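Coordinates as given in final08.cif (mmCIF, C-alpha atoms):
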data_entry
#
loop_
_atom_site.label_atom_id
_atom_site.label_comp_id
_atom_site.auth_asym_id
_atom_site.auth_seq_id
_atom_site.Cartn_x
_atom_site.Cartn_y
_atom_site.Cartn_z
CA MET Z 1068 0.78 -20.57 15.79
CA THR Z 1069 3.97 -20.13 17.81
CA THR Z 1070 4.53 -16.73 19.37
CA SER Z 1071 8.06 -15.46 19.01
CA SER Z 1072 10.05 -14.63 22.12
CA ILE Z 1073 10.92 -11.09 23.19
CA PRO Z 1074 14.51 -10.98 24.45
CA PHE Z 1075 15.55 -8.47 27.07
CA PHE Z 1076 17.92 -6.99 24.50
CA SER Z 1077 18.67 -7.36 20.79
CA GLN Z 1078 20.33 -5.15 18.21
CA ALA Z 1079 20.17 -7.29 15.06
CA LYS Z 1080 17.85 -4.87 13.22
CA THR Z 1081 19.98 -1.90 14.20
CA PHE Z 1082 23.03 -3.49 12.63
CA GLU Z 1083 21.12 -4.12 9.42
CA LYS Z 1084 20.27 -0.41 9.32
CA ILE Z 1085 23.77 0.89 9.98
CA TRP Z 1086 25.63 -1.78 8.00
CA PRO Z 1087 26.68 0.49 5.05
CA ASP Z 1088 28.32 3.01 7.40
CA LEU Z 1089 29.82 0.26 9.53
CA ARG Z 1090 31.19 -1.58 6.50
CA ALA Z 1091 32.90 1.60 5.33
CA GLY Z 1092 34.54 2.01 8.74
CA VAL Z 1093 35.68 -1.61 8.84
CA ASP Z 1094 37.13 -1.31 5.33
CA GLU Z 1095 39.12 1.73 6.49
CA ILE Z 1096 40.50 -0.25 9.44
CA PHE Z 1097 41.75 -3.06 7.21
CA ALA Z 1098 43.17 -0.60 4.69
CA ASP Z 1099 44.98 1.21 7.50
CA GLY Z 1100 46.27 -2.04 8.99
CA LYS Z 1101 45.98 -0.78 12.58
CA PHE Z 1102 43.28 -2.41 14.68
CA SER Z 1103 43.63 -0.83 18.12
CA HIS Z 1104 44.07 2.71 19.41
CA SER Z 1105 44.16 4.18 15.94
CA ARG Z 1106 42.32 6.37 13.45
CA GLN Z 1107 38.74 5.23 14.10
CA VAL Z 1108 39.19 5.82 17.84
CA GLY Z 1109 40.35 9.37 17.14
CA CYS Z 1110 37.33 9.99 14.91
CA LEU Z 1111 35.00 8.66 17.60
CA GLU Z 1112 36.54 10.88 20.26
CA LYS Z 1113 35.95 13.95 18.09
CA ALA Z 1114 32.38 12.91 17.27
CA LEU Z 1115 31.54 12.29 20.94
CA ALA Z 1116 33.08 15.62 21.92
CA GLN Z 1117 30.82 17.34 19.42
CA TYR Z 1118 27.75 15.39 20.59
CA THR Z 1119 28.27 15.90 24.32
CA GLY Z 1120 29.92 19.32 24.27
CA ALA Z 1121 32.94 17.96 26.15
CA ARG Z 1122 36.25 19.63 25.37
CA HIS Z 1123 38.00 16.28 25.70
CA VAL Z 1124 36.88 12.66 25.18
CA ILE Z 1125 39.32 9.80 25.79
CA GLY Z 1126 38.33 6.37 24.48
CA VAL Z 1127 39.21 3.35 26.63
CA ASN Z 1128 38.32 -0.32 26.62
CA SER Z 1129 35.40 -0.30 29.12
CA GLY Z 1130 33.27 1.93 31.30
CA THR Z 1131 34.86 0.36 34.37
CA ASP Z 1132 38.36 1.24 33.20
CA ALA Z 1133 37.10 4.75 32.46
CA LEU Z 1134 36.10 5.10 36.12
CA VAL Z 1135 39.40 3.73 37.42
CA LEU Z 1136 41.49 5.96 35.18
CA LEU Z 1137 39.37 9.03 35.94
CA LEU Z 1138 39.74 8.51 39.69
CA GLN Z 1139 43.48 8.00 39.43
CA ALA Z 1140 43.98 10.98 37.15
CA CYS Z 1141 42.00 13.17 39.56
CA GLY Z 1142 44.54 12.46 42.29
CA LEU Z 1143 42.89 9.70 44.31
CA ARG Z 1144 45.34 8.65 47.00
CA PRO Z 1145 45.52 5.26 48.74
CA GLY Z 1146 42.70 5.03 51.26
CA ASP Z 1147 40.86 8.16 50.09
CA ARG Z 1148 37.15 8.00 50.94
CA VAL Z 1149 34.77 8.26 47.98
CA LEU Z 1150 31.02 8.75 48.44
CA VAL Z 1151 29.09 6.31 46.22
CA PRO Z 1152 25.41 5.27 46.19
CA ALA Z 1153 24.52 1.92 47.74
CA TYR Z 1154 22.33 1.11 44.72
CA SER Z 1155 24.26 0.72 41.47
CA PHE Z 1156 26.21 -1.80 39.42
CA VAL Z 1157 29.16 -3.13 41.38
CA ALA Z 1158 31.68 -1.35 39.12
CA THR Z 1159 30.74 1.99 40.68
CA ALA Z 1160 32.27 0.89 43.99
CA SER Z 1161 34.82 -1.68 42.78
CA SER Z 1162 36.43 0.94 40.55
CA VAL Z 1163 37.11 3.01 43.67
CA VAL Z 1164 38.88 0.03 45.26
CA LEU Z 1165 40.81 -0.73 42.07
CA ALA Z 1166 41.97 2.89 41.98
CA GLY Z 1167 43.17 2.59 45.59
CA GLY Z 1168 40.34 4.31 47.42
CA GLN Z 1169 37.62 3.31 49.88
CA PRO Z 1170 33.94 3.41 48.90
CA VAL Z 1171 31.67 5.11 51.44
CA PHE Z 1172 28.06 4.20 50.76
CA THR Z 1173 25.07 6.55 50.81
CA ASP Z 1174 21.34 6.00 50.40
CA ILE Z 1175 19.43 7.06 47.31
CA ASP Z 1176 16.51 9.19 46.20
CA PRO Z 1177 13.49 6.89 45.71
CA ASP Z 1178 12.39 8.76 42.58
CA THR Z 1179 15.66 8.83 40.61
CA TYR Z 1180 17.49 5.89 42.27
CA ALA Z 1181 20.43 8.28 42.48
CA MET Z 1182 22.57 9.71 45.25
CA HIS Z 1183 20.97 12.68 47.00
CA PRO Z 1184 22.35 14.92 49.76
CA ASP Z 1185 19.51 13.85 52.06
CA GLY Z 1186 20.84 10.29 51.96
CA ILE Z 1187 24.40 11.23 52.91
CA GLY Z 1188 25.00 10.96 56.62
CA ALA Z 1189 27.32 13.34 58.45
CA GLU Z 1190 29.61 10.47 59.37
CA ALA Z 1191 29.88 9.38 55.73
CA ALA Z 1192 30.75 12.88 54.53
CA GLU Z 1193 33.37 13.35 57.25
CA GLY Z 1194 36.82 12.90 55.77
CA ALA Z 1195 35.60 12.10 52.24
CA ARG Z 1196 37.59 13.58 49.36
CA PHE Z 1197 35.46 12.59 46.37
CA MET Z 1198 31.81 12.22 45.47
CA LEU Z 1199 30.74 9.82 42.69
CA PRO Z 1200 27.00 10.01 41.94
CA VAL Z 1201 25.50 7.68 39.33
CA HIS Z 1202 22.88 8.44 36.68
CA LEU Z 1203 20.69 5.35 36.46
CA PHE Z 1204 18.07 4.02 34.06
CA SER Z 1205 16.32 7.10 32.69
CA ARG Z 1206 17.18 10.24 34.72
CA MET Z 1207 20.18 12.05 36.07
CA ALA Z 1208 20.93 12.68 39.71
CA ASP Z 1209 20.14 16.19 41.00
CA MET Z 1210 23.47 17.70 40.01
CA ALA Z 1211 22.68 21.19 41.31
CA ALA Z 1212 22.06 19.85 44.81
CA LEU Z 1213 25.05 17.49 44.69
CA SER Z 1214 27.35 20.19 43.31
CA ALA Z 1215 26.37 22.51 46.15
CA PHE Z 1216 26.93 19.74 48.69
CA ALA Z 1217 30.36 18.98 47.24
CA ALA Z 1218 31.36 22.65 47.18
CA ASP Z 1219 30.30 23.18 50.80
CA ARG Z 1220 32.48 20.28 51.95
CA GLY Z 1221 35.41 20.65 49.59
CA LEU Z 1222 34.70 17.39 47.75
CA SER Z 1223 35.89 16.68 44.22
CA LEU Z 1224 32.81 15.82 42.16
CA LEU Z 1225 33.02 13.08 39.52
CA GLU Z 1226 30.15 11.33 37.70
CA ASP Z 1227 29.49 7.70 36.95
CA SER Z 1228 27.57 8.69 33.85
CA ALA Z 1229 28.08 5.29 32.21
CA GLU Z 1230 24.37 5.16 31.25
CA GLY Z 1231 24.11 8.88 30.58
CA ILE Z 1232 24.68 9.35 26.85
CA GLY Z 1233 22.23 12.00 25.62
CA MET Z 1234 21.19 13.14 29.12
CA ARG Z 1235 21.53 16.85 29.83
CA GLN Z 1236 20.75 18.92 32.90
CA ASN Z 1237 20.68 22.73 32.68
CA GLY Z 1238 22.13 22.37 29.20
CA ILE Z 1239 25.17 20.41 30.38
CA HIS Z 1240 25.67 16.82 29.29
CA ALA Z 1241 25.98 14.08 31.89
CA GLY Z 1242 29.58 13.67 32.99
CA LEU Z 1243 30.48 17.36 32.66
CA HIS Z 1244 29.04 18.81 35.87
CA GLY Z 1245 32.20 18.22 37.90
CA LEU Z 1246 35.80 17.36 37.10
CA GLY Z 1247 34.77 14.65 34.66
CA GLY Z 1248 32.61 11.65 33.96
CA VAL Z 1249 32.50 8.44 31.98
CA LEU Z 1250 30.50 6.64 29.33
CA SER Z 1251 30.03 2.90 28.92
CA PHE Z 1252 29.42 1.39 25.49
CA PHE Z 1253 28.53 -2.09 26.72
CA PRO Z 1254 26.32 -3.59 23.96
CA SER Z 1255 22.99 -3.01 25.74
CA LYS Z 1256 23.68 0.66 26.49
CA THR Z 1257 21.78 3.38 24.63
CA LEU Z 1258 24.91 3.73 22.48
CA GLY Z 1259 26.39 0.25 22.53
CA ALA Z 1260 29.33 -1.44 20.85
CA LEU Z 1261 29.78 -5.08 19.84
CA GLY Z 1262 31.75 -5.70 23.02
CA ASP Z 1263 33.27 -3.66 25.81
CA ALA Z 1264 34.31 -0.04 25.29
CA GLY Z 1265 34.13 3.19 27.28
CA ALA Z 1266 35.23 6.80 27.45
CA VAL Z 1267 36.19 9.57 29.86
CA LEU Z 1268 34.63 13.03 29.42
CA THR Z 1269 36.20 16.18 30.80
CA ASP Z 1270 36.69 19.85 30.07
CA ALA Z 1271 40.10 19.91 31.83
CA PRO Z 1272 43.07 19.52 29.44
CA ASP Z 1273 45.55 18.37 32.10
CA LEU Z 1274 43.13 15.72 33.32
CA ALA Z 1275 42.52 14.56 29.74
CA ASP Z 1276 46.26 14.25 29.11
CA HIS Z 1277 46.69 12.25 32.31
CA VAL Z 1278 43.87 9.82 31.41
CA ALA Z 1279 45.21 9.51 27.87
CA ALA Z 1280 48.61 8.51 29.23
CA LEU Z 1281 47.20 6.09 31.80
CA ARG Z 1282 45.17 4.20 29.18
CA HIS Z 1283 48.35 3.34 27.25
CA HIS Z 1284 50.80 2.16 29.91
CA GLY Z 1285 51.44 5.66 31.24
CA ARG Z 1286 53.32 6.74 28.12
CA THR Z 1287 53.66 10.44 27.35
CA GLY Z 1288 53.41 12.24 24.04
CA ARG Z 1289 51.42 11.13 21.02
CA THR Z 1290 50.25 7.55 21.20
CA LEU Z 1291 46.90 7.45 19.36
CA ALA Z 1292 47.45 6.13 15.80
CA HIS Z 1293 51.22 6.52 16.31
CA PHE Z 1294 52.92 3.16 16.70
CA PRO Z 1295 56.46 4.62 16.49
CA GLY Z 1296 55.73 6.18 19.88
CA ILE Z 1297 56.15 2.80 21.54
CA SER Z 1298 59.49 4.00 22.93
CA ASN Z 1299 58.09 7.22 24.38
CA GLU Z 1300 58.96 8.08 27.97
CA THR Z 1301 56.67 6.39 30.54
CA LEU Z 1302 55.62 8.95 33.12
CA TYR Z 1303 53.07 6.89 35.09
CA VAL Z 1304 52.48 3.27 36.00
CA GLY Z 1305 49.53 2.93 33.65
CA HIS Z 1306 47.10 0.42 32.20
CA ASN Z 1307 46.53 -1.33 28.92
CA SER Z 1308 43.09 0.13 28.29
CA LYS Z 1309 43.18 1.01 24.62
CA MET Z 1310 39.94 0.97 22.63
CA ASP Z 1311 39.75 -1.36 19.63
CA ASP Z 1312 39.09 0.39 16.33
CA LEU Z 1313 36.37 -2.11 15.45
CA GLN Z 1314 34.36 -0.95 18.47
CA ALA Z 1315 34.99 2.68 17.50
CA ALA Z 1316 33.71 1.98 13.97
CA VAL Z 1317 30.54 0.39 15.38
CA LEU Z 1318 29.96 3.35 17.68
CA LEU Z 1319 30.57 5.89 14.93
CA ALA Z 1320 27.95 4.19 12.76
CA LYS Z 1321 25.44 3.95 15.61
CA LEU Z 1322 26.05 7.55 16.63
CA THR Z 1323 24.39 8.64 13.39
CA VAL Z 1324 21.08 7.16 14.57
CA LEU Z 1325 21.46 7.83 18.31
CA ASP Z 1326 18.97 10.68 18.58
CA GLU Z 1327 16.45 8.69 16.53
CA ASP Z 1328 16.95 5.72 18.86
CA ILE Z 1329 16.51 7.94 21.93
CA ARG Z 1330 13.20 9.25 20.57
CA HIS Z 1331 12.06 5.69 19.82
CA ARG Z 1332 12.96 4.59 23.34
CA ALA Z 1333 10.97 7.51 24.76
CA GLY Z 1334 7.95 6.46 22.68
CA LEU Z 1335 8.23 2.90 23.94
CA ALA Z 1336 8.42 4.18 27.53
CA ARG Z 1337 5.19 6.13 26.99
CA ARG Z 1338 3.62 2.98 25.52
CA TYR Z 1339 4.62 1.03 28.64
CA ASP Z 1340 3.17 3.77 30.81
CA GLU Z 1341 -0.14 3.63 28.97
CA GLY Z 1342 -0.25 -0.15 29.19
CA LEU Z 1343 0.76 -0.52 32.84
CA ARG Z 1344 -0.63 2.60 34.53
CA GLY Z 1345 -3.06 1.52 37.24
CA SER Z 1346 -2.13 -2.15 36.87
CA PRO Z 1347 -2.62 -3.96 40.19
CA GLY Z 1348 0.52 -5.25 41.86
CA ILE Z 1349 2.85 -2.61 40.41
CA THR Z 1350 4.01 -0.24 43.14
CA ARG Z 1351 6.00 2.11 40.93
CA LEU Z 1352 6.40 3.10 37.30
CA PRO Z 1353 9.12 5.47 36.11
CA ALA Z 1354 8.09 9.12 35.93
CA ILE Z 1355 7.96 10.38 32.36
CA THR Z 1356 8.80 14.07 32.27
CA GLY Z 1357 10.17 14.72 28.79
CA ALA Z 1358 12.96 16.74 30.40
CA PRO Z 1359 16.39 16.88 28.71
CA ASP Z 1360 17.91 14.69 31.43
CA GLU Z 1361 15.41 11.91 30.61
CA VAL Z 1362 16.80 9.25 28.29
CA PHE Z 1363 15.35 5.76 28.67
CA TYR Z 1364 18.21 3.32 28.84
CA VAL Z 1365 16.06 1.01 31.01
CA TYR Z 1366 12.34 0.88 31.75
CA LEU Z 1367 12.20 -0.07 35.42
CA ILE Z 1368 9.11 -1.02 37.39
CA GLU Z 1369 8.73 -2.02 41.02
CA THR Z 1370 6.57 -4.81 42.38
CA ASP Z 1371 6.50 -6.71 45.65
CA ARG Z 1372 6.40 -9.99 43.69
CA ARG Z 1373 9.40 -9.16 41.51
CA ASP Z 1374 10.97 -12.62 41.25
CA GLU Z 1375 7.63 -14.34 40.62
CA LEU Z 1376 6.81 -11.85 37.88
CA ALA Z 1377 10.21 -12.36 36.25
CA ALA Z 1378 9.65 -16.13 36.24
CA HIS Z 1379 6.17 -15.69 34.76
CA LEU Z 1380 7.49 -13.47 31.97
CA GLN Z 1381 10.29 -15.91 31.26
CA ASP Z 1382 7.68 -18.65 30.83
CA GLN Z 1383 5.98 -16.36 28.30
CA GLY Z 1384 9.25 -15.97 26.36
CA ILE Z 1385 9.85 -12.43 27.63
CA GLY Z 1386 13.28 -11.52 28.97
CA THR Z 1387 13.79 -9.26 31.99
CA GLU Z 1388 16.71 -8.09 34.10
CA THR Z 1389 16.91 -7.52 37.85
CA TYR Z 1390 18.54 -4.22 38.86
CA TYR Z 1391 20.07 -4.89 41.41
CA PRO Z 1392 19.14 -7.92 43.56
CA ARG Z 1393 21.69 -7.06 46.24
CA PRO Z 1394 22.69 -3.49 47.16
CA LEU Z 1395 26.38 -2.68 47.13
CA HIS Z 1396 26.85 -2.41 50.89
CA LEU Z 1397 25.65 -6.02 51.27
CA GLN Z 1398 27.84 -7.48 48.51
CA PRO Z 1399 30.33 -10.08 49.82
CA CYS Z 1400 33.28 -8.20 48.32
CA PHE Z 1401 32.55 -5.23 50.63
CA GLU Z 1402 31.89 -7.30 53.74
CA GLU Z 1403 34.91 -5.84 55.52
CA LEU Z 1404 33.22 -2.43 55.56
CA GLY Z 1405 30.87 -3.81 58.21
CA HIS Z 1406 27.45 -2.88 56.85
CA ARG Z 1407 24.26 -4.68 57.82
CA PRO Z 1408 20.72 -4.94 56.41
CA GLY Z 1409 18.80 -1.79 57.25
CA ASP Z 1410 21.75 0.60 56.86
CA PHE Z 1411 20.39 2.03 53.60
CA PRO Z 1412 16.65 1.28 53.52
CA VAL Z 1413 15.74 3.02 50.26
CA ALA Z 1414 18.45 1.20 48.33
CA GLU Z 1415 17.46 -2.10 49.94
CA ALA Z 1416 13.79 -1.61 49.05
CA ALA Z 1417 14.68 -0.96 45.40
CA SER Z 1418 16.86 -4.08 45.35
CA ARG Z 1419 13.88 -6.18 46.46
CA ARG Z 1420 11.33 -4.75 44.04
CA ALA Z 1421 12.94 -3.38 40.87
CA LEU Z 1422 12.59 -5.21 37.55
CA ALA Z 1423 13.58 -3.99 34.09
CA LEU Z 1424 11.36 -4.79 31.11
CA PRO Z 1425 12.65 -5.00 27.52
CA LEU Z 1426 13.53 -1.59 26.06
CA TYR Z 1427 15.83 -1.10 23.09
CA ALA Z 1428 15.89 0.43 19.64
CA ASP Z 1429 14.84 -2.80 17.87
CA LEU Z 1430 11.76 -3.28 20.09
CA THR Z 1431 8.34 -2.58 18.53
CA GLU Z 1432 5.17 -1.11 20.03
CA ALA Z 1433 3.38 -4.41 19.40
CA GLU Z 1434 6.01 -6.20 21.48
CA VAL Z 1435 5.59 -3.65 24.28
CA ASP Z 1436 1.86 -4.34 24.19
CA ARG Z 1437 2.57 -8.06 24.57
CA VAL Z 1438 4.80 -7.42 27.57
CA CYS Z 1439 2.18 -5.20 29.19
CA ALA Z 1440 -0.52 -7.83 28.66
CA ALA Z 1441 1.68 -10.49 30.24
CA VAL Z 1442 2.43 -8.29 33.25
CA ARG Z 1443 -1.25 -7.49 33.77
CA ALA Z 1444 -2.18 -11.16 33.39
CA PHE Z 1445 0.26 -12.12 36.13
CA HIS Z 1446 -1.25 -9.68 38.60
CA THR Z 1447 -4.91 -10.26 37.68
CA GLY Z 1448 -4.80 -13.98 36.91
CA LYS Z 1449 -6.46 -13.34 33.54
CA VAL Z 1450 -4.81 -14.84 30.47
CA PRO Z 1451 -4.39 -12.19 27.71
CA ALA Z 1452 -6.32 -12.74 24.52
#
Structure encoded using structure tokens:
Amino acid sequence: MTTSSIPFFSQAKTFEKIWPDLRAGVDEIFADGKFSHSRQVGCLEKALAQYTGARHVIGVNSGTDALVLLLQACGLRPGDRVLVPAYSFVATASSVVLAGGQPVFTDIDPDTYAMHPDGIGAEAAEGARFMLPVHLFSRMADMAALSAFAADRGLSLLEDSAEGIGMRQNGIHAGLHGLGGVLSFFPSKTLGALGDAGAVLTDAPDLADHVAALRHHGRTGRTLAHFPGISNETLYVGHNSKMDDLQAAVLLAKLTVLDEDIRHRAGLARRYDEGLRGSPGITRLPAITGAPDEVFYVYLIETDRRDELAAHLQDQGIGTETYYPRPLHLQPCFEELGHRPGDFPVAEAASRRALALPLYADLTEAEVDRVCAAVRAFHTGKVPA
């Protein structure tokens, strides 16, 4: 009997479940005859505003573009220093460069993998204008501590909350603790599209208007679902970062099952914890608190034999993902900043040991049990029954 593989990510079953709602949205797009930056995008923005509590949501074509546009709309000037964690996806720092600023790296909290005031050196904070913490994997950064740090030093606080849909701290959704934040709808995200899509969240109307103009070539006035506005005055040198209506229709359909998916992910995380707790060779499992800021986008473990374990699981037909094998300050694209190994030891340790196991709405408890058995077998040398 052949055992089926367990991919790192799949959403085939989810699409079967949401197909009636998705089909209705797609039919509306074809009936409307407008396939980008139109009615479905507007409906999604309203639905996300209601879900997150944001006063304004602006749909764009990726989470990376959301970061670039947010930084520019917040007044980032050429060469402005922006505090970013050394452990994150490269877009956190590259978006700062694309917006015209300079990333200034900080170390992370070993428990949340997020920026923490204790990891920000005095030299890094000196002369910085912005702070851009990231909410990674399953928990938010300590926004109370970071907000206080930013206020004490006159920093503008933004959030790379790309992974943060559904996370709330002190009743406030991720992305709304400072001037604004972003969401990514990359397919594997907790709320994922069929391709790239993103959004900016903010409570500030002027900032929302600025981002809305920047996403559509810097044009002023009504642009969403209003093609005659093509001749509107262009106030800014903007971008072409409109969201496709097909992606908005997918996200609207998946939004109806988002809370159910989040609960399922939490149950799978508990199943992993039960199956891996005390397993030899694993140096860290994610803390499961049940707090409102805990939403399991990724189930991340740490082990000193990370690459060997990943290869073993691949041989067993189990997909994994390495987050992140090289910290940002040691990426070749930031070589000119002059960092060396040892500058940010906590981030570097995570980069050597962290491995993500499959976790998504289509995954079953039986599949989690198979993954756990394969992980234990690698560390004990005992083949699972």
Rounded to one decimal in Å, what is the spacing between atom CA of Z:Ala1315 and atom CA of Z:Val1108?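 Atom CA of Z:Val1108 lies at a distance of 5.3 Å from atom CA of Z:Ala1315.
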Interface rows for stretch 1170-1270 of chain Z against stretch 1136-1157 of chain Z: nearest pair, Å to one decimal, 10 Å, only C-alpha atoms, as JSON lines:
{"residue": "Z:Pro1170", "atom": "CA", "partner": "Z:Val1149", "partner_atom": "CA", "distance": 5.0}
{"residue": "Z:Val1171", "atom": "CA", "partner": "Z:Leu1150", "partner_atom": "CA", "distance": 4.8}
{"residue": "Z:Phe1172", "atom": "CA", "partner": "Z:Val1151", "partner_atom": "CA", "distance": 5.1}
{"residue": "Z:Thr1173", "atom": "CA", "partner": "Z:Pro1152", "partner_atom": "CA", "distance": 4.8}
{"residue": "Z:Asp1174", "atom": "CA", "partner": "Z:Ala1153", "partner_atom": "CA", "distance": 5.8}
{"residue": "Z:Ile1175", "atom": "CA", "partner": "Z:Pro1152", "partner_atom": "CA", "distance": 6.3}
{"residue": "Z:Asp1176", "atom": "CA", "partner": "Z:Pro1152", "partner_atom": "CA", "distance": 9.7}
{"residue": "Z:Tyr1180", "atom": "CA", "partner": "Z:Tyr1154", "partner_atom": "CA", "distance": 7.2}
{"residue": "Z:Ala1181", "atom": "CA", "partner": "Z:Pro1152", "partner_atom": "CA", "distance": 6.9}
{"residue": "Z:Met1182", "atom": "CA", "partner": "Z:Pro1152", "partner_atom": "CA", "distance": 5.4}
{"residue": "Z:His1183", "atom": "CA", "partner": "Z:Pro1152", "partner_atom": "CA", "distance": 8.7}
{"residue": "Z:Gly1186", "atom": "CA", "partner": "Z:Pro1152", "partner_atom": "CA", "distance": 8.9}
{"residue": "Z:Ile1187", "atom": "CA", "partner": "Z:Leu1150", "partner_atom": "CA", "distance": 8.4}
{"residue": "Z:Ala1191", "atom": "CA", "partner": "Z:Leu1150", "partner_atom": "CA", "distance": 7.4}
{"residue": "Z:Ala1192", "atom": "CA", "partner": "Z:Leu1150", "partner_atom": "CA", "distance": 7.4}
{"residue": "Z:Glu1193", "atom": "CA", "partner": "Z:Arg1148", "partner_atom": "CA", "distance": 9.1}
{"residue": "Z:Gly1194", "atom": "CA", "partner": "Z:Arg1148", "partner_atom": "CA", "distance": 6.9}
{"residue": "Z:Ala1195", "atom": "CA", "partner": "Z:Arg1148", "partner_atom": "CA", "distance": 4.6}
{"residue": "Z:Arg1196", "atom": "CA", "partner": "Z:Arg1148", "partner_atom": "CA", "distance": 5.8}
{"residue": "Z:Phe1197", "atom": "CA", "partner": "Z:Val1149", "partner_atom": "CA", "distance": 4.7}
{"residue": "Z:Met1198", "atom": "CA", "partner": "Z:Leu1150", "partner_atom": "CA", "distance": 4.6}
{"residue": "Z:Leu1199", "atom": "CA", "partner": "Z:Val1151", "partner_atom": "CA", "distance": 5.2}
{"residue": "Z:Pro1200", "atom": "CA", "partner": "Z:Val1151", "partner_atom": "CA", "distance": 6.0}
{"residue": "Z:Val1201", "atom": "CA", "partner": "Z:Pro1152", "partner_atom": "CA", "distance": 7.3}
{"residue": "Z:His1202", "atom": "CA", "partner": "Z:Ser1155", "partner_atom": "CA", "distance": 9.2}
{"residue": "Z:Leu1203", "atom": "CA", "partner": "Z:Ser1155", "partner_atom": "CA", "distance": 7.7}
{"residue": "Z:Leu1222", "atom": "CA", "partner": "Z:Val1149", "partner_atom": "CA", "distance": 9.1}
{"residue": "Z:Ser1223", "atom": "CA", "partner": "Z:Cys1141", "partner_atom": "CA", "distance": 8.4}
{"residue": "Z:Leu1224", "atom": "CA", "partner": "Z:Leu1150", "partner_atom": "CA", "distance": 9.6}
{"residue": "Z:Leu1225", "atom": "CA", "partner": "Z:Leu1138", "partner_atom": "CA", "distance": 8.1}
{"residue": "Z:Glu1226", "atom": "CA", "partner": "Z:Leu1137", "partner_atom": "CA", "distance": 9.7}
{"residue": "Z:Asp1227", "atom": "CA", "partner": "Z:Val1151", "partner_atom": "CA", "distance": 9.4}
{"residue": "Z:Leu1246", "atom": "CA", "partner": "Z:Cys1141", "partner_atom": "CA", "distance": 7.9}
{"residue": "Z:Gly1247", "atom": "CA", "partner": "Z:Leu1137", "partner_atom": "CA", "distance": 7.4}
{"residue": "Z:Gly1248", "atom": "CA", "partner": "Z:Leu1137", "partner_atom": "CA", "distance": 7.5}
{"residue": "Z:Val1249", "atom": "CA", "partner": "Z:Leu1137", "partner_atom": "CA", "distance": 8.0}
{"residue": "Z:Ala1266", "atom": "CA", "partner": "Z:Leu1137", "partner_atom": "CA", "distance": 9.7}
{"residue": "Z:Val1267", "atom": "CA", "partner": "Z:Leu1137", "partner_atom": "CA", "distance": 6.9}
{"residue": "Z:Leu1268", "atom": "CA", "partner": "Z:Leu1137", "partner_atom": "CA", "distance": 9.0}
{"residue": "Z:Thr1269", "atom": "CA", "partner": "Z:Leu1137", "partner_atom": "CA", "distance": 9.4}
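Note that atom CA of Z:Ile1096 and atom CA of Z:Gly1130 are 23.1 Å apart.
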From the options Z:Arg1289, Z:Pro1177, Z:Ala1264, Z:Ile1232, which residue's atoms come nearest to Z:Ala1316, counting only C-alpha atoms?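 When distances to Z:Ala1316 are compared using only C-alpha atoms, the smallest one comes from Z:Ala1264.
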Selected by the PyMOL selection byres ((chain Z and resi 1317) around 10) in the shown coordinates: which residues, as a PyMOL selection string? chain Z and resi 1082+1085-1086+1088-1090+1092-1093+1107+1111+1258-1262+1312-1316+1318-1322
Taking all atoms listed in the file into account, produce a table as CSV in which each residue of stretch 1369-1390 of chain Z with an atom at most 10 Å from an atom of stretch 1422-1432 of chain Z appears once, together with its shortest atom pair and the distance in Å to one decimal, ordered by chain and rising number.
residue,atom,partner,partner_atom,distance
Z:Glu1369,CA,Z:Leu1422,CA,6.1
Z:Thr1370,CA,Z:Leu1422,CA,7.7
Z:Arg1372,CA,Z:Leu1422,CA,9.9
Z:Arg1373,CA,Z:Leu1422,CA,6.4
Z:Asp1374,CA,Z:Leu1422,CA,8.4
Z:Leu1376,CA,Z:Leu1422,CA,8.8
Z:Ala1377,CA,Z:Leu1422,CA,7.6
Z:Leu1380,CA,Z:Leu1424,CA,9.5
Z:Ile1385,CA,Z:Pro1425,CA,7.9
Z:Gly1386,CA,Z:Pro1425,CA,6.7
Z:Thr1387,CA,Z:Leu1424,CA,5.2
Z:Glu1388,CA,Z:Ala1423,CA,5.2
Z:Thr1389,CA,Z:Leu1422,CA,4.9
Z:Tyr1390,CA,Z:Leu1422,CA,6.2
Enclose the full set of atoms of stretch 1094-1102 of chain Z listed in the file within a box whose edges lie along x, y and z, apply 3 Å of padding to each of the six sides, and report centre and edge lengths in Å to one decimal as lines of an AutoDock Vina configuration file.
center_x = 41.7
center_y = -0.7
center_z = 9.7
size_x = 15.1
size_y = 10.8
size_z = 16.0
Enter the distance from atom CA of Z:Gln1381 to atom CA of Z:Arg1332, in Å, rounded to one decimal.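 Atom CA of Z:Arg1332 lies 22.1 Å from atom CA of Z:Gln1381.
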Here's a test: counting all atoms listed in the file, identify every protein, DNA and RNA residue with an atom at most 12 Å from (16.1, 8.5, 28.7) in the file's coordinate frame, and state them as a PyMOL selection string. chain Z and resi 1179+1202-1207+1230-1235+1241+1256-1258+1325-1326+1328-1337+1353-1367+1426-1427
For the structure shown, which residues end up in the PyMOL selection byres ((chain Z and resi 1116) around 12)? Put them as a PyMOL selection string, please? chain Z and resi 1109-1115+1117-1126+1232+1240+1242-1243+1250+1266-1270+1322
Counting only C-alpha atoms, the option among Z:Val1304, Z:Ala1292, Z:Leu1352, Z:Leu1395 closest to Z:Thr1159: Z:Leu1395
The residue from Z:Ser1418, Z:Thr1447, Z:Gln1169, Z:Asn1128 with the smallest atom-to-atom distance to Z:Ile1349, counting all atoms listed in the file, is Z:Thr1447
Would you list the contacts of Z:Val1127 as a PyMOL selection string, taking every protein, DNA or RNA residue within 7 Å and counting all atoms listed in the file, but skipping same-chain residues closer than 2 positions in sequence? chain Z and resi 1125+1129+1132-1133+1264-1266+1282+1308-1310
